[in-house]
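Q: The structure under discussion is supplied below as C-alpha cells; questions concerning it will follow.
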Amino acid sequence: MRTKIVAGNWKMNCDLSETKLLLEGLAGNVEAKENKKVIVAPPYTNLHYAFESLKDSPIAVAAQNINENESGAHTGEISAKMLKGVGVEYVIIGHSERRSIYNETDATLAAKTNQAIAEGFQVIFCVGEELESRKAEKHFDVVKSQLKNGLFQLNENEMENVVIAYEPVWAIGTGETASPEQAQEMHAYIRQLLADKYETSTAENTSILYGGSVKPNNAEEIFSKPDVDGGLIGGASLKAEDFLAIVNSH
Ligand SMILES: O=C(CO)COP(=O)(O)O
C-alpha cells in the first residue's frame with residue numbers, strides 16, 4: 001500500500017522565532033497514522049531546532065536541498081552527513097526553483113539523488129513543466145525527460161526510498177492549480193513510466209505527490225484522485241491552521 005504524504009516546503013521563509021511558533025502549532029496536532037506521513041521542510045538554519053521540537057510527534061523533517069559531494073571546498077553548501085547529524089530524514093531534490101533560479105541541471109540532480117540515497121535519505125524528487133511546455137502540449141515529454149535523466153539511474157531497491165512530486169511550474173505560488181483531472185492524468189503517466197522502467201510493484205508502491213497552490217479548500221478534491229498520494233505544499237504550509245486542514249483533508 002502506498003504511503004499518503006503531506007509535506008510542507010517552507011522555502012526561504014521563517015526565521016527561528018517564526019519557526020518556533022509554526023512548529024508549536026503543528027506538534028501535538030498531528031496524530032500518528034498507519035500509511036500516512038506528515039513532513040516539514042524548514043530552511044537549513046532551523047532543521048536542528050525542528051528535529052528537536054518534533055521528537056515526540058510523528059512529523060518528519062526534510063531538507064530543501066543537499067550537496068552532491070561528501071565534503072570539502074564547496075563554500076556555502078551543506079552535505080548529507082551534516083543533514084543526518086541534525087535529524088533530517090527526507091531531502092527535496094529538483095524543485096523547480098532550484099532548476100530555474102539556481103540552474104540545477106538533470107545531471108546535477110542525478111548526482112544529488114545518488115548521494116542522498118547512498119547516505120540513507122528518503123528523496124522527494126520534483127518534476128514539472130513550465131507554462132510554455134503545457135501550452136505546446138509538451139508536458140508529458142518534459143516530465144519524462146526529467147525523470148529519465150535525474151531519477152531513473154536508481155535501481156529497483158533504491159527506488160523504495162523515493163517519493164515523486166509533480167509540481168507544474170505554472171501552478172506554483174500563482175493561486176492557479178492543475179485541475180484534479182490534469183493532476184490525475186500526469187500522475188497516472190508517471191506511474192506508467194515507473195512500470196515501464198521498474199517492477200510493477202515499484203510503480204504501485206511509489207507515492208506521487210501533487211504540488212502547486214494546494215490550499216485547504218482544494219486539497220480534498222485533488223487528493224481524492226486515485227494516483228494522487230498527497231501533496232507538497234508551499235504557501236499554505238506556513239500557517240499551522242491551513243497546513244493542518246490540508247493534512248486532515250487527506
Ligand atoms: O512549490 C511548491 C511546493 O514545493 C508549491 O508552492 P505553493 O503551494 O505556494 O504553490
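Residue names in the C-alpha cells use chain letters A, B, ... in the order shown, residue numbers from 1 in each chain, and ligand numbers from 1 in the order shown.
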Grab me every residue within 10 Å of ligand 1, counting only C-alpha atoms and all ligand atoms, and send it over as a PDB file with C-alpha atoms, in the first residue's frame.

A:
```
ATOM      1  CA  ALA A   7       4.834  17.709   3.081  1.00  0.00           C
ATOM      2  CA  GLY A   8       5.329  21.408   3.758  1.00  0.00           C
ATOM      3  CA  ASN A   9       8.070  23.126   1.786  1.00  0.00           C
ATOM      4  CA  TRP A  10       8.720  26.320   3.694  1.00  0.00           C
ATOM      5  CA  LYS A  11      11.168  27.620   1.058  1.00  0.00           C
ATOM      6  CA  ALA A  41      10.980  21.216   5.290  1.00  0.00           C
ATOM      7  CA  GLN A  64      15.086  21.528   0.821  1.00  0.00           C
ATOM      8  CA  ILE A  92      13.703  17.551  -1.553  1.00  0.00           C
ATOM      9  CA  GLY A  94      14.879  19.073  -8.149  1.00  0.00           C
ATOM     10  CA  HIS A  95      12.392  21.695  -7.015  1.00  0.00           C
ATOM     11  CA  SER A  96      11.592  23.947  -9.975  1.00  0.00           C
ATOM     12  CA  GLU A  97      13.081  26.927  -8.130  1.00  0.00           C
ATOM     13  CA  ILE A 124      11.298  13.744  -2.665  1.00  0.00           C
ATOM     14  CA  CYS A 126      10.286  17.067  -8.032  1.00  0.00           C
ATOM     15  CA  ALA A 165       6.306  15.259  -6.564  1.00  0.00           C
ATOM     16  CA  TYR A 166       4.588  16.599  -9.674  1.00  0.00           C
ATOM     17  CA  GLU A 167       4.639  20.385  -9.483  1.00  0.00           C
ATOM     18  CA  PRO A 168       3.596  22.169 -12.668  1.00  0.00           C
ATOM     19  CA  VAL A 169       5.606  25.403 -12.568  1.00  0.00           C
ATOM     20  CA  TRP A 170       2.614  27.470 -13.698  1.00  0.00           C
ATOM     21  CA  ALA A 171       0.726  26.406 -10.587  1.00  0.00           C
ATOM     22  CA  ILE A 172       3.440  27.205  -8.030  1.00  0.00           C
ATOM     23  CA  GLY A 173       2.660  30.257  -5.930  1.00  0.00           C
ATOM     24  CA  THR A 174       0.234  31.513  -8.565  1.00  0.00           C
ATOM     25  CA  GLY A 175      -3.055  30.550  -6.958  1.00  0.00           C
ATOM     26  CA  GLU A 176      -3.752  28.530 -10.071  1.00  0.00           C
ATOM     27  CA  THR A 177      -3.865  24.762  -9.590  1.00  0.00           C
ATOM     28  CA  TYR A 210       0.938  16.971  -6.290  1.00  0.00           C
ATOM     29  CA  GLY A 211       2.293  20.463  -5.621  1.00  0.00           C
ATOM     30  CA  GLY A 212       1.127  23.867  -6.813  1.00  0.00           C
ATOM     31  CA  SER A 213      -1.274  26.142  -4.926  1.00  0.00           C
ATOM     32  CA  VAL A 214      -2.757  23.382  -2.777  1.00  0.00           C
ATOM     33  CA  LYS A 215      -4.968  25.071  -0.160  1.00  0.00           C
ATOM     34  CA  GLY A 231       0.762  16.991  -1.647  1.00  0.00           C
ATOM     35  CA  LEU A 232       3.871  19.126  -1.477  1.00  0.00           C
ATOM     36  CA  ILE A 233       2.622  22.385  -0.034  1.00  0.00           C
ATOM     37  CA  GLY A 234       4.310  25.779  -0.296  1.00  0.00           C
ATOM     38  CA  GLY A 235       2.485  28.910   0.857  1.00  0.00           C
ATOM     39  CA  ALA A 236      -0.238  27.133   2.811  1.00  0.00           C
ATOM     40  CA  SER A 237       2.352  25.221   4.861  1.00  0.00           C
ATOM     41  CA  LEU A 238       3.409  28.459   6.548  1.00  0.00           C
TER      42      LEU A 238
END
```

Q: What lies within 10 Å of region 81-86 of chain A using only C-alpha atoms, ignoring chain neighbours under 6 positions off, as a compact mmCIF listing (two decimals) with N, CA and C atoms, in the first residue's frame?

A:
```txt
# COMPACT_ATOMS: atom_id res chain seq x y z
N TYR A 44 17.55 25.44 6.16
CA TYR A 44 18.67 24.76 6.82
C TYR A 44 18.90 25.19 8.27
N ASN A 46 17.09 26.08 10.56
CA ASN A 46 16.14 25.68 11.59
C ASN A 46 15.87 24.18 11.62
N LEU A 47 16.67 23.42 10.88
CA LEU A 47 16.44 21.97 10.83
C LEU A 47 16.67 21.31 12.18
N HIS A 48 17.73 21.71 12.83
CA HIS A 48 18.04 21.07 14.11
C HIS A 48 16.96 21.39 15.13
N TYR A 49 16.57 22.65 15.16
CA TYR A 49 15.50 23.03 16.09
C TYR A 49 14.23 22.25 15.78
N ALA A 50 13.91 22.13 14.50
CA ALA A 50 12.69 21.42 14.10
C ALA A 50 12.75 19.96 14.56
N PHE A 51 13.88 19.33 14.33
CA PHE A 51 14.01 17.93 14.73
C PHE A 51 13.81 17.77 16.24
N GLU A 52 14.47 18.64 17.00
CA GLU A 52 14.38 18.54 18.47
C GLU A 52 12.93 18.77 18.93
N VAL A 61 11.25 15.48 9.39
CA VAL A 61 11.91 16.70 8.93
C VAL A 61 12.63 16.44 7.59
N ALA A 62 12.44 17.37 6.68
CA ALA A 62 13.11 17.29 5.37
C ALA A 62 14.00 18.51 5.17
N ALA A 63 15.06 18.33 4.38
CA ALA A 63 15.85 19.48 3.92
C ALA A 63 15.37 19.83 2.52
N ASN A 65 17.29 20.85 0.09
CA ASN A 65 18.37 20.72 -0.90
C ASN A 65 19.48 19.92 -0.23
N ILE A 66 20.45 19.49 -1.00
CA ILE A 66 21.61 18.76 -0.47
C ILE A 66 22.73 18.97 -1.48
N GLU A 70 30.70 14.83 -0.88
CA GLU A 70 30.75 14.37 0.51
C GLU A 70 31.15 15.47 1.48
N SER A 71 32.18 16.24 1.09
CA SER A 71 32.70 17.30 1.96
C SER A 71 33.68 18.13 1.15
N ALA A 116 22.13 11.39 -1.93
CA ALA A 116 21.12 11.32 -0.86
C ALA A 116 20.72 9.87 -0.59
N GLU A 119 23.38 7.87 1.14
CA GLU A 119 23.54 8.25 2.55
C GLU A 119 22.29 7.92 3.37
N GLY A 120 21.34 7.24 2.76
CA GLY A 120 20.20 6.72 3.55
C GLY A 120 19.01 7.65 3.71
N PHE A 121 18.94 8.69 2.89
CA PHE A 121 17.77 9.58 2.98
C PHE A 121 16.62 9.06 2.11
```

Q: Smallest atom-to-atom distance to Met159 (chain A): which of A:Ala178, A:Ala195, A:Ile117, A:Val143, using only C-alpha atoms?

A: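 For Met159 (chain A), the nearest of the candidates is A:Ile117.
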
Q: From a DSSP calculation on the backbone, collect every residue of region 136-186 of chain A in helix (DSSP H, G or I) and output the set as a list in words.

A: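 Helix (DSSP H, G or I) assignments inside region 136-186 of chain A correspond to His139, Phe140, Asp141, Val142, Val143, Lys144, Ser145, Gln146, Leu147, Lys148, Asn149, Gly150, Glu158, Met159, Glu160, Asn161, Val169, Trp170, Ala171, Pro180, Glu181, Gln182, Ala183, Gln184, Glu185 and Met186 of chain A.
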
Q: In terms of the shortest atom-to-atom distance over only C-alpha atoms, which of A:Ser79, A:Asn161, A:Ser207, A:Gln153 is closest to Asp106 (chain A)?

A: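 Looking at the shortest contact to Asp106 (chain A), the residue is A:Gln153.
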
Q: Provide the CA of Ala32 (chain A) to CA of Glu160 (chain A) distance in Å, to one decimal place.

A: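 CA of Glu160 (chain A) lies at a distance of 21.2 Å from CA of Ala32 (chain A).
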
Q: Check which residues of region 56-139 of chain A sit at most 8 Å from region 147-152 of chain A using only C-alpha atoms, and return one row each with the closest pair of atoms and their distance in Å to one decimal, ordered by chain and rising number, as JSON lines.

A:
```
{"residue": "A:Asp106", "atom": "CA", "partner": "A:Gly150", "partner_atom": "CA", "distance": 4.9}
{"residue": "A:Ala107", "atom": "CA", "partner": "A:Gly150", "partner_atom": "CA", "distance": 6.3}
{"residue": "A:Thr108", "atom": "CA", "partner": "A:Gly150", "partner_atom": "CA", "distance": 7.9}
{"residue": "A:Leu109", "atom": "CA", "partner": "A:Gly150", "partner_atom": "CA", "distance": 5.4}
{"residue": "A:Ala110", "atom": "CA", "partner": "A:Gly150", "partner_atom": "CA", "distance": 4.2}
{"residue": "A:Ala111", "atom": "CA", "partner": "A:Gly150", "partner_atom": "CA", "distance": 8.0}
{"residue": "A:Thr113", "atom": "CA", "partner": "A:Leu151", "partner_atom": "CA", "distance": 7.0}
{"residue": "A:Phe125", "atom": "CA", "partner": "A:Leu151", "partner_atom": "CA", "distance": 7.6}
{"residue": "A:Val127", "atom": "CA", "partner": "A:Leu147", "partner_atom": "CA", "distance": 7.3}
```

Q: With distances taken over only C-alpha atoms, which of A:Leu193, A:Leu131, A:Glu18, A:His250 is nearest to Asn35 (chain A)?

A: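 Nearest to Asn35 (chain A): A:His250.
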
Q: For a quick check of understanding, using only C-alpha atoms, which of A:Thr45, A:Gln115, A:Asn103, A:Gln184 has the smallest distance to Val228 (chain A)?

A: A:Gln184

Q: Which one is closest to Val6 (chain A): A:Lys112, A:Lys135, A:Lys225, A:Lys36? Count only C-alpha atoms.

A: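 Smallest distance to Val6 (chain A) is found for A:Lys36.
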
Q: Using Å and a single decimal, report how far CA of Glu156 (chain A) sits from CA of Pro226 (chain A).

A: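 Distance between the two atoms: 23.1 Å.
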
Q: Taking only C-alpha atoms into account, which of A:Glu129, A:Asp15, A:Glu241, A:Asp141 comes nearest Ala27 (chain A)?

A: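 Comparing A:Glu129, A:Asp15, A:Glu241, A:Asp141 against Ala27 (chain A), the winner is A:Glu241.
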